[in-house]
Amino acid sequence: MRISTPQFYAASLSGILNQQNTLNTLSQQLATGSSLVNPSDAPVAAAQNVTLSGQINRLADYAQNGQNAQNALQIESSTLQSVGTLLDQVRQLAVQMNNGTVNANDLQNAASAMQGYLQQLVQYANTQDGQGNYIFAGSQSATQPFSLQADGSVSYAGDGGQNQLALGPSLNTAIGDPGNAIFMNSRAGNGTFSVSASGGNTGNATAGPGTVNAMAQAQQILQVDGTQYQISFSGSGSGMTYTVTSGSGGVFSSAAVVGSGSFTPGMSIGLPPGGNPAMTVPIVGTPAAGDRFTVAAAPPQSLFQTFEQLAQAFAATAQAPGANAQRAQTISNALASLDQSQTTLLSTQAAIGSRLQQVQAVQAQNASLTLQLQTQQSQLTNINYPQVITQYQQSLTALQAAEKAFTQVQGLSLFQYI
Amino acid sequence: MSGISGLVSSALTGLQAAQAALQVTGNNIANVNTPGYSTESVVQSALTPSLYGGQYLGNGTQIDAVSRAYNGYLTQQVWSTTATASGASALNTQLQGIVNLLAGSSNGLSTSIQQFFASGVAQVAANPADIPSRQNLISQAQSLAQTLQSTAQQLQQASNGVNQQIGQSVASINTLTQQIAQLNVQINNLSGSGSTPNTLLDQRDQLVTQLSALVGVSVLPQAGNQVSVFTGNGQVLVAGSQSFDLQAVPNAYDPTQTEVAYAANGAVLSAGLQGGTLGGLLQFRSQVLQPAQNALGQMAIGLAAQVNAQQAQGLDLNGQFGAAMFQAGPLQVLANSANTGSAVISGSVTNAAALTTADYTLRYDGSNWSAVNLSTGQPAALTASTSGAVTTLSFDGVQLQVSGAQAGNSFLVEPTRYAALDFQSLLTNPAQIAAAAPYVSSAGQMQSGSLVNTNLGNLTLSAGQYSTSSGAGSLVLGGISLGASSPPPSLQITLTSGGSSGAAVGFQISSGTTVLASGSVTLGSSGQVISIPYTNPPGGYWNVTLAGSVAASGDAFTLSAAGGGNGGNAQAMAALQTAKTLSGGTASLEDVYTRLVAQVATQGNQAQSAASAAGAVAAQAVAAQQSVSGVNLDEEATRLLQYQQAYQAAAKAIQVGNSLFTSLLQAVQ
């Protein structure tokens, strides 16, 4: 083909410029280490890169959530551990005081120790996290949830709110528990019913906490129907008899006798009286004629209330048989309530433990997924150095060759020879 | 003539011919770098011989013509490939800026979106009561709004740039067509003499090449060496001695979009222009820029609608239902400048999920309205309802109110075009972030600010969650509407009877002393859902479930306004990033953005290869044309020597003739 002179120059120039352009792109890739210098060169990779960055960021966000959840759960767990220790101390003290040999002085000391324990419990229940939020206040984290009233009772100003954090795209975990679930809602007595002694009892007998033989029947009687039972005693010595009357709301009509029998020490009374009773209430010690015990559905009893009951029982230091039995009954009831609270505490601890385990498992999984996605992203966006360096060398050589060829060919002109 | 005089006169014609040829060669050398110049050569022929003594004796030579090396087909090729290459290059140049803006690895928008959710919202969900976390979310929201705005602004600047360049191209086209028409006149005048004005033809071809770089044209030869020039779809630009000027005019609907029209009658011909810078610009605007602006707008509207709806579902630190966090730019309704009457039309986006990225034209034929989706060319499903003078039109997530329309009126609706450009972050006070759920469920009842629980049964009230529907069999509360007043009133659910598994027990729901509703729950079942309605927007319900197996009459549950420590709503907000709520429930915010990136980057990729392919084809066409018409200096050097020697030989012949004369004269003396 005939080449016109301007065409020769234009073609040489555009060849050199193209080589320079390639070199520029390659040197940019080498300088940044990224193969996506120009998204138009790899549109699919550019879009995938956006998706991958989003996923990696979200995983980092889940990791942050997991860390936050772990911190919150650990604060809660260690607080509950302290509460558990406190509960054990209180139990020991209660067992010690539930003994005929304790004197008024011991009881006095125990009573003031209980006051200290109660304050300590309130303090634990009002635990704040690093940002000053009350961790057992439900959603009312800015308000102190538990306050000790002048009468020794403790009220709950929080609510039942529970926060959750996302650990993964479809996995949430609770990062705390509301204070009412831990401290306020445990049942009294054995969890189904509680036994209380009448204030006028003079014998040394205590009753309960008792066992449930048929749960559904017991719930139907106590909770659904609201039935309460009163066990009363009359006579003395081997002629002592017991009478069971039913009622509700603490009112027992003497006409509503549902069962009676002769009392032998150490016996248990089945409720309702008859064959296969749903509940059994053991009577320990010897009651006096006229002593009464009431069996009723177990209401929620706060741990504070249990502490307060113990404190009051210890504070009643009188050493008469009736007073001792009263105290023993209260301590027995409180020990049963402590058991209920402890069960709540343990199951909460178990839940926290499984949440922590879940967090850790998900964290490990997220970390490996992150690594995988990062590898994928680096394959997508990072250059292959040997390959790019080779291409760079090639382009460099090609450019040098083009320049050399141009300078040599442009020197060939017939006019030089005329 | 014969004999010596014949020799001299023949040699003289050779001398003259060589002289002319040398002049042509000199001219070729002089014009070696003149764009569009075609190399010229002399066409020589022998003069008619004379009959002398029964023999024909040659009379020398003559110059028939000076012709240019020209191939019409190759030149046409140059024109058409130049138009394609220049169009592809213009598109590519414009596009690469957009690609780097939207798809570049250092793109701020994807980072901003991710940070808003991952670092902003998630932090508040983890520490709902923490003011610094809330402040951080406010800052992230502002930064997201700014990034969206500035991205949209850069697209808008590209749009303004296109308008400006259309104006400049039109001005250049007018100059070129005027020059072509003038040259047509001159060429016509000079062609009459029988010889062709090569230089003028070259000049005109060069002007057509320049015109092709601006807009694709087709050229038809006319009588007298004139040409007529048409645009790709046959609109005339030059007809013989007459040129038709173009003009940049505002779009009939949207004055911010420049169109190309005839200066004389204003007829718009943008739609038919293809190739050249102008064609590339128009293609860029309709196929890349506007779809990108719309997609960005769709994302902005989706983001604002979702986050605002989530805000409205929850409570802020002051116990108020959350205020809107974002505001997307308004929908554009533009009346055709030719509309008669004085129609009043306005509207808004009512359903971000149903929104498309398309623009629509809306027409009224005097009784019916119709809307056409300009992306697909298909009619949109439009419902119209008239109340008094106002007609309400709804289609694809858009609602318009129009009054006073007359038959033949038409409007352009751009639901998403400026949504990102005017995107704003509205919240400034960290307390205004609605991180908390509306209600917290607790067992027991509120007694002078304290929660007292005396429940004997084992029923529980679930924490509750937001749902757009109340669900089958749920008890929908009347007389209360969440969001109507803040904070939401405390509700107490009290069992009015007891029972155990299998039984149905009654309950009543009261606010203070007012009983709002009563219902029953079957014990041991999955429980009874109680739905508390929200005002609209956001609509929907707060659903809680009462369930359990043993109930005692008088057991109570409380729904109280959540405190600042609750992060339920913030957690739901964090999940919005990947919730598929846009484009009819098929795409999440991130999906919409990724689609935009993929689309723009793919277009960039195509434009890049198209531009380089078209550039190569054009270069080849130029090379082919130049191989015929270009000046080669070596060739000219050869010709220089050739004609020089011819001149010298002719001169020698004259000298020989002269010496013959001299010999003859001496013999006579």
# chains A, B, ... in the order shown; residues from 1 in each chain; ligands from 1

call {"tool": "closest_atom_pairs", "arguments": {"of": "stretch 188-257 of chain A", "to": "stretch 277-283 of chain A", "cutoff": "7 Å", "atoms": "only C-alpha atoms", "output": "Markdown table"}}
result
| residue | atom | partner | partner_atom | distance |
| --- | --- | --- | --- | --- |
| A:Ala205 | CA | A:Ile283 | CA | 6.6 |
| A:Thr206 | CA | A:Ile283 | CA | 5.9 |
| A:Ala207 | CA | A:Ile283 | CA | 4.5 |
| A:Gly208 | CA | A:Val281 | CA | 5.2 |
| A:Pro209 | CA | A:Val281 | CA | 6.8 |
| A:Gly210 | CA | A:Val281 | CA | 4.4 |
| A:Thr211 | CA | A:Thr280 | CA | 5.4 |
| A:Val212 | CA | A:Met279 | CA | 4.5 |
| A:Asn213 | CA | A:Ala278 | CA | 4.9 |
| A:Ala214 | CA | A:Ala278 | CA | 4.7 |
| A:Gln217 | CA | A:Ala278 | CA | 6.2 |
| A:Ala218 | CA | A:Ala278 | CA | 5.6 |

call {"tool": "write_last_selection", "arguments": {"atoms": "C-alpha atoms", "output": "short mmCIF file (atom, residue, chain, number, x, y, z; two decimals), in the first residue's frame"}}
result
data_model
loop_
_atom_site.label_atom_id
_atom_site.label_comp_id
_atom_site.auth_asym_id
_atom_site.auth_seq_id
_atom_site.Cartn_x
_atom_site.Cartn_y
_atom_site.Cartn_z
CA ALA A 205 -44.22 -27.31 114.87
CA THR A 206 -43.30 -26.04 111.45
CA ALA A 207 -44.88 -27.04 108.16
CA GLY A 208 -43.73 -27.27 104.57
CA PRO A 209 -42.34 -26.42 102.18
CA GLY A 210 -44.01 -29.58 100.92
CA THR A 211 -44.03 -31.36 97.58
CA VAL A 212 -46.31 -31.44 94.56
CA ASN A 213 -47.40 -34.89 93.43
CA ALA A 214 -49.72 -33.93 90.58
CA GLN A 217 -54.19 -30.83 89.58
CA ALA A 218 -52.34 -28.64 92.06
#

call {"tool": "select_by_dssp", "arguments": {"residues": "stretch 36-187 of chain A", "states": "helix (DSSP H, G or I)", "output": "VMD selection string"}}
result
chain A and resid 39 to 41 43 to 97 104 to 125 179 to 184

call {"tool": "closest_residue", "arguments": {"among": "B:Ser629, B:Asn160, B:Thr256, B:Asn189", "to": "chain A", "atoms": "only C-alpha atoms"}}
result
B:Ser629

call {"tool": "closest_residue", "arguments": {"among": "A:Gln365, A:Thr227, A:Ser82, A:Ser236", "to": "chain B", "atoms": "only C-alpha atoms"}}
result
A:Thr227

call {"tool": "atom_distance", "arguments": {"atom1": "atom CA of B:Thr545", "atom2": "atom CA of B:Ser462"}}
result
5.2 Å

call {"tool": "interface_residues", "arguments": {"of": "chain B", "to": "chain A", "cutoff": "7 Å", "atoms": "only C-alpha atoms", "output": "number ranges by chain"}}
result
B: 33, 99-100, 103-104, 114, 118, 126, 440-442, 449-451, 453-457, 498-500, 551-552, 562-568, 571, 594, 597-598, 601-602, 604-605, 623, 626-627, 630-634, 637

call {"tool": "write_last_selection", "arguments": {"atoms": "N, CA and C atoms", "output": "short mmCIF file (atom, residue, chain, number, x, y, z; two decimals), in the first residue's frame"}}
result
data_model
loop_
_atom_site.label_atom_id
_atom_site.label_comp_id
_atom_site.auth_asym_id
_atom_site.auth_seq_id
_atom_site.Cartn_x
_atom_site.Cartn_y
_atom_site.Cartn_z
N ASN B 33 1.50 18.86 4.19
CA ASN B 33 0.83 18.80 5.49
C ASN B 33 -0.53 19.49 5.52
N VAL B 99 -18.15 6.80 35.45
CA VAL B 99 -17.74 5.48 35.95
C VAL B 99 -16.87 5.64 37.19
N ASN B 100 -15.89 6.53 37.08
CA ASN B 100 -15.00 6.70 38.22
C ASN B 100 -15.72 7.32 39.41
N ALA B 103 -18.34 4.13 40.36
CA ALA B 103 -17.86 2.76 40.53
C ALA B 103 -16.42 2.68 40.99
N GLY B 104 -15.75 3.82 41.09
CA GLY B 104 -14.35 3.81 41.49
C GLY B 104 -14.18 3.18 42.86
N GLN B 114 -22.47 2.31 53.86
CA GLN B 114 -22.06 1.25 54.77
C GLN B 114 -21.77 1.82 56.16
N ALA B 118 -23.47 0.45 59.34
CA ALA B 118 -22.59 -0.39 60.13
C ALA B 118 -22.04 0.35 61.33
N ALA B 126 -26.50 -1.01 69.71
CA ALA B 126 -25.73 -1.65 70.79
C ALA B 126 -25.74 -0.81 72.06
N VAL B 440 -42.74 -1.76 75.74
CA VAL B 440 -42.05 -2.86 76.38
C VAL B 440 -43.09 -3.66 77.14
N SER B 441 -43.04 -4.98 77.01
CA SER B 441 -44.01 -5.82 77.71
C SER B 441 -43.43 -6.28 79.04
N SER B 442 -44.21 -6.17 80.10
CA SER B 442 -43.77 -6.64 81.41
C SER B 442 -44.90 -7.40 82.07
N GLY B 449 -45.62 4.11 89.58
CA GLY B 449 -44.27 4.14 89.01
C GLY B 449 -43.47 2.87 89.22
N SER B 450 -44.00 1.95 90.03
CA SER B 450 -43.26 0.70 90.23
C SER B 450 -44.01 -0.44 89.60
N LEU B 451 -43.23 -1.42 89.11
CA LEU B 451 -43.85 -2.58 88.51
C LEU B 451 -44.09 -3.61 89.61
N ASN B 453 -45.64 -7.28 90.54
CA ASN B 453 -46.08 -8.53 89.91
C ASN B 453 -46.64 -9.47 90.96
N THR B 454 -47.94 -9.78 90.87
CA THR B 454 -48.55 -10.75 91.78
C THR B 454 -49.18 -11.88 90.99
N ASN B 455 -48.74 -12.02 89.73
CA ASN B 455 -49.34 -13.04 88.86
C ASN B 455 -49.12 -14.44 89.41
N LEU B 456 -50.19 -15.21 89.45
CA LEU B 456 -50.09 -16.58 89.93
C LEU B 456 -49.94 -17.56 88.78
N GLY B 457 -50.50 -17.23 87.62
CA GLY B 457 -50.43 -18.12 86.47
C GLY B 457 -49.09 -18.02 85.77
N GLY B 498 -59.84 -17.36 85.24
CA GLY B 498 -58.71 -18.25 85.31
C GLY B 498 -58.99 -19.53 84.54
N GLY B 499 -57.96 -20.33 84.34
CA GLY B 499 -58.19 -21.59 83.64
C GLY B 499 -56.87 -22.29 83.41
N SER B 500 -56.96 -23.50 82.93
CA SER B 500 -55.75 -24.23 82.61
C SER B 500 -55.86 -24.71 81.18
N ALA B 551 -53.75 -19.90 83.94
CA ALA B 551 -54.10 -18.51 84.16
C ALA B 551 -54.89 -18.37 85.45
N ALA B 552 -54.59 -17.31 86.20
CA ALA B 552 -55.38 -17.00 87.39
C ALA B 552 -56.06 -15.68 87.14
N ALA B 562 -41.37 2.34 75.95
CA ALA B 562 -40.00 1.90 76.21
C ALA B 562 -39.13 3.09 76.60
N GLY B 563 -38.19 2.82 77.48
CA GLY B 563 -37.26 3.86 77.89
C GLY B 563 -36.08 3.96 76.96
N GLY B 564 -35.18 4.88 77.26
CA GLY B 564 -34.04 5.15 76.39
C GLY B 564 -33.07 3.99 76.27
N GLY B 565 -33.17 3.03 77.20
CA GLY B 565 -32.24 1.91 77.15
C GLY B 565 -32.62 0.86 76.14
N ASN B 566 -33.80 1.04 75.51
CA ASN B 566 -34.25 0.04 74.55
C ASN B 566 -33.70 0.36 73.17
N GLY B 567 -33.16 -0.66 72.48
CA GLY B 567 -32.58 -0.42 71.15
C GLY B 567 -33.30 -1.20 70.08
N GLY B 568 -34.53 -1.63 70.35
CA GLY B 568 -35.26 -2.50 69.42
C GLY B 568 -35.45 -1.86 68.06
N GLN B 571 -32.24 -1.52 66.11
CA GLN B 571 -31.84 -2.81 65.56
C GLN B 571 -32.59 -3.11 64.26
N THR B 594 -25.48 -1.48 43.87
CA THR B 594 -24.61 -2.40 43.13
C THR B 594 -25.04 -2.51 41.67
N VAL B 597 -23.76 0.50 39.90
CA VAL B 597 -22.32 0.37 39.64
C VAL B 597 -22.09 -0.58 38.47
N ALA B 598 -22.77 -1.74 38.50
CA ALA B 598 -22.57 -2.73 37.45
C ALA B 598 -23.00 -2.17 36.10
N ALA B 601 -20.52 0.64 35.00
CA ALA B 601 -19.21 0.09 34.67
C ALA B 601 -19.28 -0.72 33.38
N THR B 602 -20.40 -1.44 33.20
CA THR B 602 -20.55 -2.22 31.97
C THR B 602 -20.67 -1.29 30.77
N GLY B 604 -19.43 1.62 30.63
CA GLY B 604 -18.09 2.17 30.46
C GLY B 604 -17.23 1.22 29.67
N ASN B 605 -17.34 -0.05 30.03
CA ASN B 605 -16.56 -1.07 29.34
C ASN B 605 -16.93 -1.14 27.86
N ALA B 623 -6.34 5.81 6.50
CA ALA B 623 -5.13 5.27 5.87
C ALA B 623 -5.43 4.88 4.43
N GLN B 626 -5.86 8.00 2.46
CA GLN B 626 -4.57 8.68 2.31
C GLN B 626 -3.66 7.91 1.34
N SER B 627 -3.82 6.58 1.28
CA SER B 627 -2.98 5.80 0.37
C SER B 627 -3.27 6.20 -1.07
N GLY B 630 -3.01 10.93 -0.38
CA GLY B 630 -1.97 11.62 0.38
C GLY B 630 -0.73 11.91 -0.45
N VAL B 631 0.03 12.88 0.00
CA VAL B 631 1.27 13.23 -0.69
C VAL B 631 2.39 12.37 -0.11
N ASN B 632 3.18 11.73 -1.01
CA ASN B 632 4.36 11.00 -0.54
C ASN B 632 5.58 11.74 -1.05
N LEU B 633 6.42 12.21 -0.14
CA LEU B 633 7.54 13.09 -0.53
C LEU B 633 8.57 12.36 -1.38
N ASP B 634 8.76 11.08 -1.12
CA ASP B 634 9.70 10.32 -1.95
C ASP B 634 9.21 10.27 -3.39
N ALA B 637 9.80 13.52 -4.93
CA ALA B 637 11.21 13.69 -5.26
C ALA B 637 11.52 13.00 -6.58
#

call {"tool": "residues_around", "arguments": {"residues": "stretch 530-542 of chain B", "least_positions_apart": "6", "cutoff": "9 Å", "atoms": "only C-alpha atoms", "output": "list in words"}}
result
Asn308, Ala309, Gln310, Ala312, Gln313, Pro438, Tyr439, Gly464, Gln465, Tyr466, Ser467, Thr468, Ser469, Ser470, Gly471, Ser474, Leu475, Val476, Leu477, Gly478, Ile480, Ser481, Leu482, Gly483 and Ala484 of chain B

call {"tool": "closest_residue", "arguments": {"among": "B:Gln492, B:Ala611, B:Leu374, B:Val260", "to": "B:Gln287", "atoms": "only C-alpha atoms"}}
result
B:Leu374

call {"tool": "select_by_dssp", "arguments": {"residues": "stretch 58-201 of chain B", "states": "strand (DSSP E)", "output": "count of residues only"}}
result
8

call {"tool": "closest_residue", "arguments": {"among": "A:Ile221, A:Ala323, A:Leu338, A:Ala63", "to": "A:Gln89", "atoms": "only C-alpha atoms"}}
result
A:Leu338

call {"tool": "closest_residue", "arguments": {"among": "B:Ser212, B:Val550, B:Asn188, B:Pro255", "to": "B:Asn163", "atoms": "only C-alpha atoms"}}
result
B:Pro255

call {"tool": "residues_around", "arguments": {"residues": "B:Gly216", "least_positions_apart": "3", "cutoff": "8 Å", "atoms": "only C-alpha atoms", "output": "list in words"}}
result
Ser80, Ala83, Thr84, Leu211, Ser212, Ala213, Thr231, Gly232, Leu273, Gln274, Gly275, Gly276 and Gly279 of chain B

call {"tool": "atom_distance", "arguments": {"atom1": "atom CA of A:Gln309", "atom2": "atom CA of A:Val122"}}
result
15.1 Å

call {"tool": "residues_around", "arguments": {"residues": "stretch 136-141 of chain B", "least_positions_apart": "5", "cutoff": "12 Å", "atoms": "only C-alpha atoms", "output": "VMD selection string"}}
result
chain B and resid 109 111 to 125 127 to 128 130 to 131 146 to 148 303 to 304 307 324 to 327 423 to 435 570 573 to 574

call {"tool": "residues_around", "arguments": {"residues": "B:Ala503", "least_positions_apart": "6", "cutoff": "10 Å", "atoms": "only C-alpha atoms", "output": "list in words"}}
result
Ser520, Val521, Thr522, Leu523, Gly524, Ser525, Ser549, Val550 and Ala551 of chain B

call {"tool": "atom_distance", "arguments": {"atom1": "atom CA of A:Gly200", "atom2": "atom CA of A:Gln92"}}
result
27.9 Å

call {"tool": "residues_around", "arguments": {"residues": "A:Gln358", "least_positions_apart": "4", "cutoff": "12 Å", "atoms": "only C-alpha atoms", "output": "number ranges by chain"}}
result
A: 66, 69-70, 73, 166-168, 171-175, 351-354, 362-366

call {"tool": "write_last_selection", "arguments": {"atoms": "N, CA and C atoms", "output": "PDB file, in the first residue's frame"}}
result
ATOM      1  N   GLY A  66     -20.971  -8.578  68.334  1.00  0.00           N
ATOM      2  CA  GLY A  66     -20.613  -9.728  69.150  1.00  0.00           C
ATOM      3  C   GLY A  66     -19.758  -9.304  70.332  1.00  0.00           C
ATOM      4  N   ALA A  69     -21.979  -7.577  72.748  1.00  0.00           N
ATOM      5  CA  ALA A  69     -22.819  -8.559  73.438  1.00  0.00           C
ATOM      6  C   ALA A  69     -21.997  -9.288  74.497  1.00  0.00           C
ATOM      7  N   GLN A  70     -20.778  -9.651  74.106  1.00  0.00           N
ATOM      8  CA  GLN A  70     -19.904 -10.365  75.021  1.00  0.00           C
ATOM      9  C   GLN A  70     -19.635  -9.516  76.274  1.00  0.00           C
ATOM     10  N   LEU A  73     -22.840  -9.269  78.367  1.00  0.00           N
ATOM     11  CA  LEU A  73     -23.173 -10.545  79.004  1.00  0.00           C
ATOM     12  C   LEU A  73     -22.186 -10.871  80.116  1.00  0.00           C
ATOM     13  N   ALA A 166     -27.873  -8.022  66.689  1.00  0.00           N
ATOM     14  CA  ALA A 166     -27.747  -8.948  65.564  1.00  0.00           C
ATOM     15  C   ALA A 166     -26.336  -9.503  65.533  1.00  0.00           C
ATOM     16  N   LEU A 167     -26.234 -10.822  65.550  1.00  0.00           N
ATOM     17  CA  LEU A 167     -24.920 -11.458  65.436  1.00  0.00           C
ATOM     18  C   LEU A 167     -24.659 -11.897  64.010  1.00  0.00           C
ATOM     19  N   GLY A 168     -25.729 -12.007  63.248  1.00  0.00           N
ATOM     20  CA  GLY A 168     -25.615 -12.432  61.868  1.00  0.00           C
ATOM     21  C   GLY A 168     -26.853 -11.969  61.139  1.00  0.00           C
ATOM     22  N   LEU A 171     -29.684 -13.794  62.884  1.00  0.00           N
ATOM     23  CA  LEU A 171     -29.461 -14.329  64.225  1.00  0.00           C
ATOM     24  C   LEU A 171     -29.325 -13.178  65.223  1.00  0.00           C
ATOM     25  N   ASN A 172     -30.268 -13.130  66.155  1.00  0.00           N
ATOM     26  CA  ASN A 172     -30.209 -12.111  67.202  1.00  0.00           C
ATOM     27  C   ASN A 172     -29.962 -12.795  68.533  1.00  0.00           C
ATOM     28  N   THR A 173     -29.286 -12.086  69.430  1.00  0.00           N
ATOM     29  CA  THR A 173     -29.147 -12.650  70.762  1.00  0.00           C
ATOM     30  C   THR A 173     -29.462 -11.566  71.785  1.00  0.00           C
ATOM     31  N   ALA A 174     -30.083 -11.981  72.896  1.00  0.00           N
ATOM     32  CA  ALA A 174     -30.379 -11.026  73.959  1.00  0.00           C
ATOM     33  C   ALA A 174     -29.076 -10.683  74.655  1.00  0.00           C
ATOM     34  N   ILE A 175     -28.872  -9.409  74.958  1.00  0.00           N
ATOM     35  CA  ILE A 175     -27.614  -9.032  75.593  1.00  0.00           C
ATOM     36  C   ILE A 175     -27.839  -8.653  77.048  1.00  0.00           C
ATOM     37  N   ALA A 351     -28.461 -19.464  80.606  1.00  0.00           N
ATOM     38  CA  ALA A 351     -28.846 -18.783  79.362  1.00  0.00           C
ATOM     39  C   ALA A 351     -27.715 -17.865  78.901  1.00  0.00           C
ATOM     40  N   ILE A 352     -27.125 -17.129  79.877  1.00  0.00           N
ATOM     41  CA  ILE A 352     -26.017 -16.222  79.526  1.00  0.00           C
ATOM     42  C   ILE A 352     -24.872 -17.033  78.934  1.00  0.00           C
ATOM     43  N   GLY A 353     -24.593 -18.180  79.586  1.00  0.00           N
ATOM     44  CA  GLY A 353     -23.507 -19.030  79.112  1.00  0.00           C
ATOM     45  C   GLY A 353     -23.747 -19.484  77.682  1.00  0.00           C
ATOM     46  N   SER A 354     -24.997 -19.876  77.398  1.00  0.00           N
ATOM     47  CA  SER A 354     -25.241 -20.373  76.037  1.00  0.00           C
ATOM     48  C   SER A 354     -25.202 -19.218  75.048  1.00  0.00           C
ATOM     49  N   VAL A 362     -20.403 -17.829  66.624  1.00  0.00           N
ATOM     50  CA  VAL A 362     -20.704 -16.994  65.461  1.00  0.00           C
ATOM     51  C   VAL A 362     -19.513 -16.108  65.112  1.00  0.00           C
ATOM     52  N   GLN A 363     -18.824 -15.610  66.173  1.00  0.00           N
ATOM     53  CA  GLN A 363     -17.644 -14.774  65.939  1.00  0.00           C
ATOM     54  C   GLN A 363     -16.613 -15.554  65.137  1.00  0.00           C
ATOM     55  N   ALA A 364     -16.380 -16.809  65.555  1.00  0.00           N
ATOM     56  CA  ALA A 364     -15.366 -17.621  64.863  1.00  0.00           C
ATOM     57  C   ALA A 364     -15.786 -17.853  63.416  1.00  0.00           C
ATOM     58  N   GLN A 365     -17.090 -18.128  63.250  1.00  0.00           N
ATOM     59  CA  GLN A 365     -17.590 -18.382  61.899  1.00  0.00           C
ATOM     60  C   GLN A 365     -17.481 -17.127  61.054  1.00  0.00           C
ATOM     61  N   ASN A 366     -17.863 -15.970  61.647  1.00  0.00           N
ATOM     62  CA  ASN A 366     -17.775 -14.703  60.926  1.00  0.00           C
ATOM     63  C   ASN A 366     -16.337 -14.391  60.545  1.00  0.00           C
TER      64      ASN A 366
END
